[in-house]
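With PDB, C-alpha atoms inside, this is work-v5.pdb:
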ATOM      1  CA  MET A   1     -90.244 -88.004 -42.896
ATOM      2  CA  THR A   2     -88.762 -91.493 -43.220
ATOM      3  CA  ASP A   3     -90.177 -94.932 -43.757
ATOM      4  CA  ASP A   4     -88.603 -96.240 -40.544
ATOM      5  CA  ALA A   5     -90.673 -94.704 -37.805
ATOM      6  CA  PRO A   6     -94.351 -93.881 -37.766
ATOM      7  CA  ALA A   7     -95.012 -90.260 -38.584
ATOM      8  CA  ILE A   8     -98.040 -90.340 -36.326
ATOM      9  CA  HIS A   9     -98.883 -92.429 -33.305
ATOM     10  CA  LEU A  10    -102.348 -92.134 -31.852
ATOM     11  CA  ARG A  11    -103.822 -93.804 -28.823
ATOM     12  CA  LEU A  12    -107.538 -93.411 -28.478
ATOM     13  CA  MET A  13    -110.451 -94.742 -26.524
ATOM     14  CA  SER A  14    -112.941 -96.997 -28.272
ATOM     15  CA  GLN A  15    -115.524 -94.247 -28.641
ATOM     16  CA  PRO A  16    -117.513 -93.714 -31.845
ATOM     17  CA  ARG A  17    -117.553 -89.947 -31.383
ATOM     18  CA  LEU A  18    -113.769 -89.885 -31.913
ATOM     19  CA  LEU A  19    -113.969 -91.319 -35.426
ATOM     20  CA  ALA A  20    -114.566 -87.954 -37.087
ATOM     21  CA  SER A  21    -111.360 -86.500 -35.656
ATOM     22  CA  VAL A  22    -109.323 -89.463 -36.829
ATOM     23  CA  ARG A  23    -110.831 -89.197 -40.305
ATOM     24  CA  SER A  24    -109.909 -85.526 -40.504
ATOM     25  CA  MET A  25    -106.329 -86.295 -39.574
ATOM     26  CA  VAL A  26    -106.058 -89.094 -42.128
ATOM     27  CA  VAL A  27    -107.547 -86.995 -44.915
ATOM     28  CA  ALA A  28    -105.217 -84.095 -44.181
ATOM     29  CA  LEU A  29    -102.136 -86.319 -44.187
ATOM     30  CA  SER A  30    -103.226 -88.232 -47.290
ATOM     31  CA  GLU A  31    -103.725 -85.002 -49.196
ATOM     32  CA  ARG A  32    -100.263 -83.819 -48.132
ATOM     33  CA  ILE A  33     -98.825 -87.052 -49.514
ATOM     34  CA  GLY A  34    -100.492 -86.265 -52.819
ATOM     35  CA  PHE A  35    -103.653 -88.333 -52.850
ATOM     36  CA  GLY A  36    -106.612 -86.628 -54.443
ATOM     37  CA  GLU A  37    -109.887 -85.843 -52.747
ATOM     38  CA  ILE A  38    -111.596 -89.162 -53.419
ATOM     39  CA  GLU A  39    -108.508 -91.254 -52.689
ATOM     40  CA  SER A  40    -107.855 -89.410 -49.437
ATOM     41  CA  GLY A  41    -111.458 -89.991 -48.508
ATOM     42  CA  HIS A  42    -110.987 -93.672 -49.244
ATOM     43  CA  VAL A  43    -107.983 -93.910 -46.925
ATOM     44  CA  ALA A  44    -110.030 -92.256 -44.191
ATOM     45  CA  LEU A  45    -112.913 -94.604 -44.945
ATOM     46  CA  ALA A  46    -110.652 -97.648 -44.551
ATOM     47  CA  VAL A  47    -109.400 -96.381 -41.189
ATOM     48  CA  ASP A  48    -112.944 -95.540 -40.122
ATOM     49  CA  GLU A  49    -114.158 -99.026 -41.025
ATOM     50  CA  ALA A  50    -111.266-100.662 -39.178
ATOM     51  CA  LEU A  51    -111.955 -98.624 -36.044
ATOM     52  CA  ALA A  52    -115.696 -99.224 -36.270
ATOM     53  CA  ASN A  53    -115.100-102.973 -36.541
ATOM     54  CA  ILE A  54    -112.903-102.928 -33.448
ATOM     55  CA  ILE A  55    -115.409-100.864 -31.465
ATOM     56  CA  ARG A  56    -118.458-102.833 -32.561
ATOM     57  CA  HIS A  57    -117.164-106.385 -32.734
ATOM     58  CA  GLY A  58    -113.853-106.491 -30.871
ATOM     59  CA  TYR A  59    -114.838-104.419 -27.888
ATOM     60  CA  GLU A  60    -118.614-104.923 -28.232
ATOM     61  CA  GLN A  61    -119.252-101.184 -27.880
ATOM     62  CA  ARG A  62    -117.291-100.829 -24.619
ATOM     63  CA  GLU A  63    -116.055 -97.253 -24.723
ATOM     64  CA  TYR A  64    -112.983 -97.249 -22.520
ATOM     65  CA  GLU A  65    -110.833 -99.808 -24.283
ATOM     66  CA  THR A  66    -107.635 -98.875 -26.085
ATOM     67  CA  ILE A  67    -106.923 -98.581 -29.794
ATOM     68  CA  GLU A  68    -103.517 -97.580 -31.160
ATOM     69  CA  ILE A  69    -102.901 -96.219 -34.628
ATOM     70  CA  ASP A  70     -99.510 -95.841 -36.292
ATOM     71  CA  VAL A  71     -99.203 -94.056 -39.599
ATOM     72  CA  TRP A  72     -96.161 -94.134 -41.870
ATOM     73  CA  VAL A  73     -95.544 -91.855 -44.806
ATOM     74  CA  LEU A  74     -93.947 -94.042 -47.461
ATOM     75  CA  SER A  75     -91.523 -92.881 -50.117
ATOM     76  CA  ASP A  76     -89.868 -96.005 -51.523
ATOM     77  CA  PRO A  77     -90.624 -97.356 -54.062
ATOM     78  CA  LYS A  78     -93.570 -95.000 -54.323
ATOM     79  CA  PRO A  79     -95.108 -92.343 -52.132
ATOM     80  CA  GLY A  80     -97.894 -93.732 -50.044
ATOM     81  CA  ILE A  81     -99.301 -94.368 -46.626
ATOM     82  CA  ARG A  82     -99.119 -97.333 -44.283
ATOM     83  CA  ILE A  83    -101.511 -97.601 -41.364
ATOM     84  CA  ILE A  84    -101.332-100.140 -38.573
ATOM     85  CA  ILE A  85    -104.157-100.344 -36.062
ATOM     86  CA  GLU A  86    -103.871-102.477 -32.945
ATOM     87  CA  ASP A  87    -106.428-103.408 -30.323
ATOM     88  CA  GLU A  88    -106.600-105.557 -27.211
ATOM     89  CA  ALA A  89    -109.809-107.311 -28.133
ATOM     90  CA  PRO A  90    -110.215-111.098 -28.052
ATOM     91  CA  GLN A  91    -108.224-112.720 -30.817
ATOM     92  CA  ILE A  92    -109.835-114.386 -33.777
ATOM     93  CA  GLU A  93    -108.376-116.281 -36.695
ATOM     94  CA  PRO A  94    -107.395-113.779 -39.404
ATOM     95  CA  ASN A  95    -108.801-115.977 -42.144
ATOM     96  CA  GLU A  96    -112.202-115.765 -40.453
ATOM     97  CA  ILE A  97    -112.287-112.010 -41.026
ATOM     98  CA  ARG A  98    -114.159-111.458 -44.230
ATOM     99  CA  GLY A  99    -117.046-109.422 -45.533
ATOM    100  CA  ARG A 100    -120.379-110.738 -46.619
ATOM    101  CA  ASP A 101    -121.211-111.846 -50.114
ATOM    102  CA  LEU A 102    -122.069-108.638 -51.928
ATOM    103  CA  GLU A 103    -124.761-110.383 -53.932
ATOM    104  CA  ASN A 104    -126.653-111.038 -50.718
ATOM    105  CA  VAL A 105    -127.929-107.559 -49.931
ATOM    106  CA  GLN A 106    -128.400-107.098 -46.221
ATOM    107  CA  PRO A 107    -127.387-104.586 -43.558
ATOM    108  CA  GLY A 108    -123.834-104.913 -42.295
ATOM    109  CA  GLY A 109    -120.830-106.985 -43.285
ATOM    110  CA  LEU A 110    -119.381-104.389 -45.634
ATOM    111  CA  GLY A 111    -116.512-102.962 -43.571
ATOM    112  CA  VAL A 112    -113.829-105.505 -44.421
ATOM    113  CA  HIS A 113    -114.842-105.550 -48.070
ATOM    114  CA  ILE A 114    -114.513-101.755 -48.211
ATOM    115  CA  MET A 115    -111.100-101.784 -46.512
ATOM    116  CA  ARG A 116    -109.766-104.312 -48.996
ATOM    117  CA  GLU A 117    -111.322-102.534 -51.937
ATOM    118  CA  VAL A 118    -110.005 -99.026 -51.288
ATOM    119  CA  MET A 119    -106.494 -99.893 -50.066
ATOM    120  CA  ASN A 120    -103.740-101.622 -52.048
ATOM    121  CA  THR A 121    -103.165-104.086 -49.222
ATOM    122  CA  CYS A 122    -105.123-104.937 -46.100
ATOM    123  CA  SER A 123    -104.222-107.816 -43.804
ATOM    124  CA  PHE A 124    -105.129-108.956 -40.334
ATOM    125  CA  GLU A 125    -102.976-110.775 -37.813
ATOM    126  CA  LYS A 126    -102.951-111.748 -34.179
ATOM    127  CA  ARG A 127    -100.689-109.675 -31.943
ATOM    128  CA  GLU A 128     -98.047-111.465 -29.926
ATOM    129  CA  ASN A 129     -99.865-111.567 -26.617
ATOM    130  CA  LYS A 130    -103.356-110.196 -27.017
ATOM    131  CA  GLY A 131    -105.459-108.343 -29.489
ATOM    132  CA  MET A 132    -105.490-108.022 -33.236
ATOM    133  CA  ARG A 133    -103.582-105.942 -35.752
ATOM    134  CA  VAL A 134    -104.690-104.654 -39.135
ATOM    135  CA  ILE A 135    -102.093-103.461 -41.617
ATOM    136  CA  MET A 136    -103.124-101.370 -44.596
ATOM    137  CA  GLU A 137    -101.171 -99.648 -47.336
ATOM    138  CA  LYS A 138    -102.067 -97.419 -50.192
ATOM    139  CA  LEU A 139     -99.571 -96.176 -52.755
ATOM    140  CA  LEU A 140     -99.885 -93.155 -54.951
ATOM    141  CA  GLU A 141    -100.631 -93.951 -58.564
ATOM    142  CA  GLU A 142     -98.163 -92.554 -61.091
ATOM    143  CA  ASN A 143    -100.591 -90.096 -62.586
ATOM    144  CA  ALA A 144    -101.565 -88.766 -59.175
ATOM    145  CA  ALA A 145     -98.082 -88.316 -57.710
ATOM    146  CA  GLY A 146     -97.197 -84.753 -56.969
ATOM    147  CA  SER A 147    -100.462 -83.403 -58.185
ATOM    148  CA  PRO A 148    -102.040 -81.007 -55.773
ATOM    149  CA  SER A 149    -105.341 -82.110 -54.394
ATOM    150  CA  PRO A 150    -108.261 -80.207 -55.862
ATOM    151  CA  SER A 151    -109.849 -80.383 -52.455
ATOM    152  CA  SER A 152    -106.932 -79.024 -50.477
ATOM    153  CA  GLU A 153    -108.808 -75.874 -49.638
ATOM    154  CA  GLN A 154    -112.121 -77.535 -49.128
ATOM    155  CA  GLU A 155    -113.696 -78.882 -46.027
ATOM    156  CA  VAL A 156    -112.517 -82.386 -45.253
ATOM    157  CA  PRO A 157    -114.854 -85.177 -44.228
ATOM    158  CA  GLY A 158    -115.075 -85.917 -40.583
ATOM    159  CA  ASN A 159    -115.992 -82.554 -39.207
ATOM    160  CA  GLY A 160    -119.683 -82.653 -39.982
TER     161      GLY A 160
ATOM    162  CA  MET B 161    -151.458-100.189 -47.412
ATOM    163  CA  PRO B 162    -149.164 -97.183 -47.551
ATOM    164  CA  GLN B 163    -150.871 -93.932 -46.801
ATOM    165  CA  GLU B 164    -150.142 -90.262 -46.582
ATOM    166  CA  VAL B 165    -148.124 -89.210 -43.575
ATOM    167  CA  PRO B 166    -150.072 -87.117 -41.071
ATOM    168  CA  PRO B 167    -148.811 -83.535 -41.007
ATOM    169  CA  GLN B 168    -147.961 -83.720 -37.335
ATOM    170  CA  ALA B 169    -145.455 -86.467 -38.072
ATOM    171  CA  ALA B 170    -143.656 -84.367 -40.618
ATOM    172  CA  ASN B 171    -141.969 -80.982 -40.886
ATOM    173  CA  LYS B 172    -140.185 -81.495 -37.648
ATOM    174  CA  LYS B 173    -136.523 -81.329 -36.866
ATOM    175  CA  SER B 174    -134.978 -83.884 -34.604
ATOM    176  CA  GLN B 175    -133.434 -82.723 -31.372
ATOM    177  CA  GLU B 176    -130.047 -81.311 -32.200
ATOM    178  CA  THR B 177    -127.166 -81.938 -29.909
ATOM    179  CA  ASP B 178    -124.265 -80.462 -31.830
ATOM    180  CA  ASN B 179    -122.787 -79.224 -28.587
ATOM    181  CA  ASP B 180    -123.340 -82.488 -26.819
ATOM    182  CA  ILE B 181    -120.069 -84.033 -27.887
ATOM    183  CA  MET B 182    -119.835 -86.050 -24.720
ATOM    184  CA  SER B 183    -122.900 -88.095 -25.494
ATOM    185  CA  THR B 184    -122.339 -91.739 -26.372
ATOM    186  CA  ASN B 185    -123.955 -91.423 -29.771
ATOM    187  CA  GLN B 186    -123.993 -88.047 -31.390
ATOM    188  CA  ASP B 187    -127.390 -87.135 -32.718
ATOM    189  CA  LEU B 188    -127.530 -86.357 -36.387
ATOM    190  CA  PRO B 189    -129.509 -83.227 -37.271
ATOM    191  CA  ILE B 190    -132.394 -84.503 -39.371
ATOM    192  CA  GLN B 191    -135.210 -82.545 -40.951
ATOM    193  CA  ILE B 192    -138.352 -84.361 -41.977
ATOM    194  CA  ASP B 193    -140.647 -82.782 -44.559
ATOM    195  CA  ALA B 194    -144.007 -83.986 -45.780
ATOM    196  CA  ILE B 195    -144.644 -84.382 -49.487
ATOM    197  CA  LYS B 196    -147.812 -85.388 -51.301
ATOM    198  CA  ASP B 197    -147.482 -89.117 -50.768
ATOM    199  CA  GLY B 198    -144.781 -89.482 -48.171
ATOM    200  CA  VAL B 199    -141.854 -87.821 -46.479
ATOM    201  CA  VAL B 200    -138.400 -86.501 -47.221
ATOM    202  CA  ILE B 201    -135.768 -87.221 -44.582
ATOM    203  CA  ARG B 202    -132.908 -84.735 -44.705
ATOM    204  CA  PRO B 203    -129.901 -85.567 -42.504
ATOM    205  CA  THR B 204    -127.080 -83.060 -42.227
ATOM    206  CA  GLY B 205    -123.463 -84.046 -41.596
ATOM    207  CA  ASP B 206    -121.324 -87.154 -41.585
ATOM    208  CA  ILE B 207    -123.112 -90.459 -41.024
ATOM    209  CA  ASP B 208    -120.803 -92.875 -39.244
ATOM    210  CA  LEU B 209    -120.913 -95.357 -36.383
ATOM    211  CA  SER B 210    -121.621 -92.534 -33.979
ATOM    212  CA  ARG B 211    -124.474 -90.977 -35.911
ATOM    213  CA  ALA B 212    -126.073 -93.805 -37.882
ATOM    214  CA  PRO B 213    -128.291 -94.752 -34.903
ATOM    215  CA  SER B 214    -130.015 -91.350 -35.117
ATOM    216  CA  LEU B 215    -130.874 -91.930 -38.750
ATOM    217  CA  ARG B 216    -132.024 -95.473 -38.019
ATOM    218  CA  THR B 217    -134.372 -94.182 -35.322
ATOM    219  CA  GLN B 218    -135.837 -91.515 -37.600
ATOM    220  CA  ILE B 219    -136.364 -93.908 -40.497
ATOM    221  CA  ALA B 220    -138.117 -96.399 -38.213
ATOM    222  CA  GLU B 221    -140.297 -93.599 -36.854
ATOM    223  CA  VAL B 222    -141.296 -92.439 -40.318
ATOM    224  CA  PHE B 223    -142.324 -95.924 -41.406
ATOM    225  CA  LYS B 224    -144.759 -96.193 -38.494
ATOM    226  CA  SER B 225    -147.165 -94.076 -40.521
ATOM    227  CA  THR B 226    -146.740 -96.344 -43.591
ATOM    228  CA  PRO B 227    -145.892 -93.655 -46.145
ATOM    229  CA  MET B 228    -146.127 -94.484 -49.827
ATOM    230  CA  ARG B 229    -142.782 -92.868 -50.527
ATOM    231  CA  VAL B 230    -139.735 -92.191 -48.350
ATOM    232  CA  ILE B 231    -137.013 -90.050 -49.878
ATOM    233  CA  ILE B 232    -133.640 -89.767 -48.167
ATOM    234  CA  ASP B 233    -132.087 -86.460 -49.234
ATOM    235  CA  LEU B 234    -128.310 -86.810 -48.845
ATOM    236  CA  ASN B 235    -127.344 -83.461 -50.336
ATOM    237  CA  GLU B 236    -126.006 -82.324 -46.959
ATOM    238  CA  VAL B 237    -124.165 -85.544 -46.145
ATOM    239  CA  PRO B 238    -120.487 -85.247 -47.114
ATOM    240  CA  TYR B 239    -119.427 -88.596 -45.673
ATOM    241  CA  MET B 240    -120.966 -91.961 -44.957
ATOM    242  CA  ASP B 241    -119.416 -95.216 -43.771
ATOM    243  CA  SER B 242    -120.784 -98.750 -43.806
ATOM    244  CA  SER B 243    -122.859 -98.023 -40.684
ATOM    245  CA  GLY B 244    -124.788 -95.438 -42.660
ATOM    246  CA  VAL B 245    -125.098 -97.731 -45.648
ATOM    247  CA  ALA B 246    -126.393-100.524 -43.422
ATOM    248  CA  THR B 247    -129.016 -98.159 -42.026
ATOM    249  CA  LEU B 248    -130.211 -97.333 -45.529
ATOM    250  CA  VAL B 249    -130.297-101.021 -46.491
ATOM    251  CA  GLU B 250    -132.514-101.582 -43.460
ATOM    252  CA  GLY B 251    -134.754 -98.735 -44.589
ATOM    253  CA  MET B 252    -134.982-100.183 -48.083
ATOM    254  CA  GLN B 253    -135.960-103.550 -46.651
ATOM    255  CA  ILE B 254    -138.633-102.038 -44.406
ATOM    256  CA  ALA B 255    -140.008-100.166 -47.413
ATOM    257  CA  SER B 256    -140.021-103.294 -49.517
ATOM    258  CA  ARG B 257    -141.933-105.268 -46.885
ATOM    259  CA  GLY B 258    -144.541-102.507 -46.537
ATOM    260  CA  GLY B 259    -144.930-101.744 -50.219
ATOM    261  CA  SER B 260    -143.398 -98.272 -49.941
ATOM    262  CA  LYS B 261    -140.922 -96.637 -52.296
ATOM    263  CA  PHE B 262    -137.507 -95.866 -50.813
ATOM    264  CA  ILE B 263    -135.450 -93.408 -52.817
ATOM    265  CA  LEU B 264    -132.036 -91.859 -52.254
ATOM    266  CA  LEU B 265    -131.471 -88.352 -53.485
ATOM    267  CA  GLY B 266    -128.457 -86.097 -54.026
ATOM    268  CA  LEU B 267    -125.511 -88.364 -53.236
ATOM    269  CA  GLN B 268    -122.231 -86.472 -53.110
ATOM    270  CA  GLU B 269    -119.323 -88.061 -54.940
ATOM    271  CA  ARG B 270    -117.692 -89.444 -51.800
ATOM    272  CA  VAL B 271    -120.952 -90.968 -50.652
ATOM    273  CA  ARG B 272    -121.778 -92.369 -54.066
ATOM    274  CA  SER B 273    -118.350 -93.967 -54.078
ATOM    275  CA  ILE B 274    -119.126 -96.185 -51.079
ATOM    276  CA  PHE B 275    -122.349 -97.369 -52.704
ATOM    277  CA  GLU B 276    -120.355 -98.288 -55.797
ATOM    278  CA  ILE B 277    -117.716-100.118 -53.757
ATOM    279  CA  ALA B 278    -120.467-102.072 -52.004
ATOM    280  CA  ARG B 279    -122.195-102.624 -55.357
ATOM    281  CA  LEU B 280    -125.341-101.074 -53.976
ATOM    282  CA  ASP B 281    -125.546 -98.249 -56.498
ATOM    283  CA  THR B 282    -127.716-100.441 -58.687
ATOM    284  CA  VAL B 283    -129.742-101.880 -55.811
ATOM    285  CA  PHE B 284    -131.068 -98.572 -54.487
ATOM    286  CA  THR B 285    -133.184 -96.165 -56.456
ATOM    287  CA  ILE B 286    -130.983 -93.076 -56.655
ATOM    288  CA  THR B 287    -132.046 -89.762 -58.182
ATOM    289  CA  ILE B 288    -130.345 -86.413 -58.562
ATOM    290  CA  ASP B 289    -133.199 -84.144 -57.552
ATOM    291  CA  LEU B 290    -136.458 -84.114 -55.637
ATOM    292  CA  GLU B 291    -138.568 -83.733 -58.737
ATOM    293  CA  ALA B 292    -137.225 -86.998 -60.119
ATOM    294  CA  ALA B 293    -137.587 -88.700 -56.738
ATOM    295  CA  GLU B 294    -141.252 -87.689 -56.525
ATOM    296  CA  ARG B 295    -141.934 -88.952 -60.045
ATOM    297  CA  PHE B 296    -140.278 -92.316 -59.566
TER     298      PHE B 296
END
Show me the file's structure as structure tokens.
Amino acid sequence: MTDDAPAIHLRLMSQPRLLASVRSMVVALSERIGFGEIESGHVALAVDEALANIIRHGYEQREYETIEIDVWVLSDPKPGIRIIIEDEAPQIEPNEIRGRDLENVQPGGLGVHIMREVMNTCSFEKRENKGMRVIMEKLLEENAAGSPSPSSEQEVPGNG
Amino acid sequence: MPQEVPPQAANKKSQETDNDIMSTNQDLPIQIDAIKDGVVIRPTGDIDLSRAPSLRTQIAEVFKSTPMRVIIDLNEVPYMDSSGVATLVEGMQIASRGGSKFILLGLQERVRSIFEIARLDTVFTITIDLEAAERF
């Protein structure tokens, strides 16, 4: 695998029932890269939150819109994963995308905060013509690199 | 005032639609058990955007009988996203308004992690077993 081309390209409909399958794929790939059980779950969580935001806010629950996911397996300077998710939803200013104040406990508004918390980088941008793009990266920490995942033989999240 | 849940409202299992993968929102298998002063809600499986509405519906239903104590047993929930967390925040708020206790039980490590990220691990009452949840 190289850093140049995405290792995986997925095109899916904006349907909540598809999220579990995407999570399973992300967890499996993250574990192959060397992320541990919790970290792999966090990568899947970030992807899940990004997709949920697109479905709920971008497409307003319309189920037959398009979402594209590209996943890169990184090796330089460190092993890691880069995920780019693109939609065709109405564009908004990237600096307006932010989570709620965590001190103000209320339902909702956590997705963006979670994405930024569990990934090393997470940024939003407008696509050239229409839609939005989210770019996320997570790199393997030194002490985790090459270590087999303790969960590699366990059930992965997303299939429940 | 909170009161004991009538037996007919408890010990029931929500309609399961595991095979109904073409439905818009996939129902979450949920068992509801009566305890002395309330109910235990036991969902099984991932709680995400697709399945959180099932849990929201069940929690709202349970609160109609104004239980003194609602325990959400998450022992069989391996994954939860912010949709699930939002549903539980709603439940906690309903409980607070009605004077009920709202307790989370048996969070798996992955699920506990999202509560910590959202800094909600100190907002909810979280216990490790039912005995502790019933005492709280």
> Residues at most 7 Å from stretch 281-289 of chain B, counting only C-alpha atoms, excluding those fewer than 4 positions away in the same chain, as a list in words?
Replying inline: Ile263, Leu264, Leu265, Gly266, Phe275, Glu276 and Ala293 of chain B
>> If I take atom CA of A:Leu51 and atom CA of B:Val271, how far is one from the other in Å, to one decimal?
In response: 18.8 Å
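Atom pair atom CA of B:Ile207 / atom CA of B:Lys261 has a distance of 22.0 Å (rounded to one decimal).
The shortest atom-to-atom distance to chain A, with all atoms listed in the file taken into account, belongs to B:Ser243 out of B:Gln218, B:Ser243, B:Gln268, B:Ser260.
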> Once you count only C-alpha atoms, which residues of chain A turn out to be within 8 Å of chain B? Could you give them as an MDAnalysis selection string?
Replying inline: chainID A and resid 15:17 19 38 41 45 48:49 52 102 105:108 110:111 113:114 117 157:160
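You can rank A:Val112, A:Val71, A:Asp87, A:Ala50 by their closest distance to A:Gly99 using only C-alpha atoms, and at the top of that list sits A:Val112.
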>> Given the PyMOL selection byres ((chain A and resi 63) around 6) and the file above, list the residues it selects as JSON, numbers by chain.
In response: {"A": [14, 15, 61, 62, 64, 65]}
Would you save the residues of that selection, restricted to C-alpha atoms, as a CSV table (one decimal), in the frame of the given file?
chain,number,residue,atom,x,y,z
A,14,SER,CA,-112.9,-97.0,-28.3
A,15,GLN,CA,-115.5,-94.2,-28.6
A,61,GLN,CA,-119.3,-101.2,-27.9
A,62,ARG,CA,-117.3,-100.8,-24.6
A,64,TYR,CA,-113.0,-97.2,-22.5
A,65,GLU,CA,-110.8,-99.8,-24.3
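Nearest to B:Phe223 of all the residues B:Val200, B:Leu290, B:Ala194, B:Ala255 is B:Ala255, counting only C-alpha atoms.
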> When you draw a straight line from atom CA of A:Thr121 to atom CA of A:Val26, how long is it in Å?
Replying inline: 16.8 Å
> Contacts of A:Ile33 at 7 Å or less, counting all atoms listed in the file, minus same-chain residues fewer than 2 places along, as a list in words?
Replying inline: Leu29, Ser30, Glu31, Phe35, Pro79 and Gly80 of chain A
>> Could you tell me, as a ChimeraX atom specification, exactly which residues end up selected when the PyMOL selection byres ((chain A and resi 93) around 9) is applied to this structure?
In response: /A:91-92,94-97,124-126
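Nearest to A:Ile54 of all the residues A:Lys78, A:His9, A:Arg133, A:Arg98 is A:Arg133, counting all atoms listed in the file.
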>> As a check of understanding, name the residues that the PyMOL selection byres ((chain B and resi 196-199) around 7) selects in the supplied structure, as a PyMOL selection string.
In response: chain B and resi 164-165+192-195+200-201+227-231
Can those selected residues be exported to a file as a PDB file, in the coordinates of the input so that it contains C-alpha atoms?
ATOM      1  CA  GLU B 164    -150.142 -90.262 -46.582  1.00  0.00           C
ATOM      2  CA  VAL B 165    -148.124 -89.210 -43.575  1.00  0.00           C
ATOM      3  CA  ILE B 192    -138.352 -84.361 -41.977  1.00  0.00           C
ATOM      4  CA  ASP B 193    -140.647 -82.782 -44.559  1.00  0.00           C
ATOM      5  CA  ALA B 194    -144.007 -83.986 -45.780  1.00  0.00           C
ATOM      6  CA  ILE B 195    -144.644 -84.382 -49.487  1.00  0.00           C
ATOM      7  CA  VAL B 200    -138.400 -86.501 -47.221  1.00  0.00           C
ATOM      8  CA  ILE B 201    -135.768 -87.221 -44.582  1.00  0.00           C
ATOM      9  CA  PRO B 227    -145.892 -93.655 -46.145  1.00  0.00           C
ATOM     10  CA  MET B 228    -146.127 -94.484 -49.827  1.00  0.00           C
ATOM     11  CA  ARG B 229    -142.782 -92.868 -50.527  1.00  0.00           C
ATOM     12  CA  VAL B 230    -139.735 -92.191 -48.350  1.00  0.00           C
ATOM     13  CA  ILE B 231    -137.013 -90.050 -49.878  1.00  0.00           C
TER      14      ILE B 231
END
> For B:Glu294, which residue out of B:Ile190, B:Pro213, B:Ser225, B:Phe262 is the nearest one, using only C-alpha atoms?
Replying inline: B:Phe262
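Within the 9 Å cut-off around A:Arg82, using only C-alpha atoms and omitting residues fewer than 5 positions from it on the same chain, the listed residues are Pro6, Asp70, Val71, Trp72, Val73, Leu74, Ile135, Met136, Glu137, Lys138 and Leu139 of chain A.
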